[in-house]
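Peer 1: Got a structure here, written out as structure tokens. Questions coming.
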Amino acid sequence: MLAYRAPARLLGSHLATRGAGSRGLAMRALVGILGVLLLGAPAQAQAAQANWWESLTGSGTPDYSGHREEERERQRAARQSEPLDDLRPDAMPMRSDEMITAMEAAIARYQDIAQQGGWPLVPPGRMMREGEDDERVPILRRRLIASGDLRSRGQYYNSYTFDEELAAAVRHFQRRNGLRPTGRVERSTYPALNMTVEERLNQLRINLGRIRELMTTPAEERYVLVNIPAFQLEAVQKYEVQQRHRVIVGRTERQSPSVKATIRALNFFPYWRVPDSVAHLDLIPRLMKEPDYLQNEKIRVLDPAGVTEIDPQTVDWGSAEAKRFKFRQDPGPQNALGLVRIDMPNEHTVYMHDTPMKPLFAQRSRAFSAGCVRVEGVFDLVDWIAHQEPGWGEPGRARQIVEQGQAVDVNLTRPVPVYFVYITAWAERDGEVEFRPDIYGRDGSVDQIAEMDRDPNEPAPAVTLAP
């Protein structure tokens, strides 16, 4: 819960009217100090509390000038004007013979790098960026040349200047590794730079095995595949990707599972039946602190059978008995599932859905959910899923249903297979080799690169109950 302080009273004008002579001068000096500390606070108190992260300045020194905030606003505007480029651009499916061929070529290339001695480790430390000199710059150049991110130019080996060409090479490396392409060697970039070629080879081999396992059954004519650590989804028809979407997946403590299932229905204006785990761990503790939470979020309390509605005022939420009750959220724009749910029955009870928290799709690392998968541009995906159903031949049908405002369940006569997979390394047809942070540690050990790469100028995602 966000707690806002009440605006400070304007003490300066009151104090200034008292006293005279030297006492008046002293009081006016005090007024000046208080003016800085207090008079600016009421106008910005709510914003400062809502954006608590903006007070965390790099050196720990307060910024009274406003310059840092102006710089952050400039950076935010620049990011908003540059769309994310984190979706795979190629129509080649992840689950394909072509992908296996590309990954085998990547493994051969990295074996050659290993035989030549690999690449040097870049000593971690302070940030390196364009226009500055650093004794580690020659090492950084050799590291990026070895991996193909920088063209070899011998005359630059001994230069300590971080130039424009090197910044472009760092951005290329960051994009290939799922990091923010800032062109600066920051805290999150060092661990990715300093994974050895042997570690990258092992990662490629592990993921080649995963793709081969997916290929043990013939590829269906139409299917959906979600790559969890890449935060993206691809809709495949006749061995070509027809759509790609950014997705939000489970956070580390609520991981999205690897799943093979079948999409059988589309639920417009769905109810959300809160899972018991979410109710016990998140919802009940929250409503004990915020008694109005259920009313604000349009969540109803039901009896243990999930049928009869119960007055929440009659329940002792601190008792063990409280955990027997069920919860259901009404349909609408506030619903945690958004306006449509993609039903795919499976043993993990996970599914795909819309979300009211669409600004989170603008972040590069998107492990925010409780295990289910939230889809950006979900209505386009729904149109694609239902394309072969009667009345769904033209795009835009999903939006038409939403505009009508009526709850509709579409049971598919042609169900669509869906895969949730965990692939942290792959290769493209052009030879580009891509890596992503091992957010769940399924490659062997959890790395913190994705969390470290979170933009310090972006708000931390709000803690929600959403699946």
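Naming works like this for the structure tokens: A, B, ... for the chains as they're shown, residue 1 at the start of each chain, ligands 1 onward in shown order.
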What lies within 6 Å of Leu204 (chain A) using only C-alpha atoms, ignoring chain neighbours under 3 positions off, as a CSV table (one decimal) with N, CA and C atoms, in the first residue's frame?

Peer 2:
```csv
chain,number,residue,atom,x,y,z
A,201,LEU,N,29.3,-22.3,-24.6
A,201,LEU,CA,29.2,-23.5,-25.3
A,201,LEU,C,28.3,-24.5,-24.6
A,207,ASN,N,20.5,-25.9,-24.7
A,207,ASN,CA,19.4,-25.4,-25.4
A,207,ASN,C,19.1,-26.1,-26.7
A,425,ALA,N,19.3,-19.8,-25.2
A,425,ALA,CA,20.3,-19.5,-26.2
A,425,ALA,C,19.8,-20.1,-27.5
```

Peer 1: Extract the full set of strand (DSSP E) residues from region 199-397 of chain A according to DSSP on the backbone, and format it as a ChimeraX atom specification.

Peer 2: /A:222-227,232-237,240-250,259-268,272-273,299-302,309-310,326-329,340-343,352-353,367-369,373-375

Peer 1: So that I can check the surroundings of region 295-311 of chain A, please list as a list of chain:residue names every protein, DNA and RNA residue that reaches within 7 Å of it, counting only C-alpha atoms and ignoring chain neighbours fewer than 4 positions away.

Peer 2: A:Arg324, A:Phe325, A:Lys326, A:Phe327, A:Arg328, A:Gln329, A:Asp330, A:Gln334

Peer 1: Output C-alpha atoms for every residue in the selection just made, as an mmCIF file, in the first residue's frame.

Peer 2:
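Everything below was put into out-v5.cif:
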```cif
data_model
loop_
_atom_site.group_PDB
_atom_site.id
_atom_site.type_symbol
_atom_site.label_atom_id
_atom_site.label_comp_id
_atom_site.auth_asym_id
_atom_site.auth_seq_id
_atom_site.Cartn_x
_atom_site.Cartn_y
_atom_site.Cartn_z
ATOM 1 C CA ARG A 324 -11.313 -21.866 3.917
ATOM 2 C CA PHE A 325 -13.062 -19.119 1.938
ATOM 3 C CA LYS A 326 -12.835 -18.662 -1.840
ATOM 4 C CA PHE A 327 -12.487 -15.388 -3.761
ATOM 5 C CA ARG A 328 -13.777 -14.306 -7.149
ATOM 6 C CA GLN A 329 -13.114 -11.054 -8.990
ATOM 7 C CA ASP A 330 -15.858 -9.547 -11.145
ATOM 8 C CA GLN A 334 -9.913 -3.838 -13.223
#
```

Peer 1: Measuring atom to atom with only C-alpha atoms, identify which of A:Gly332, A:Arg246, A:Met288, A:Asp409 is nearest to Val315 (chain A).

Peer 2: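 For Val315 (chain A), the nearest of the given residues is A:Met288.
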
Peer 1: Here is a test: counting only C-alpha atoms, which residue of A:Ala370, A:Tyr190, A:Lys238, A:Arg176 is nearest to Val274 (chain A)?

Peer 2: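 That would be A:Ala370, the residue with the smallest distance to Val274 (chain A).
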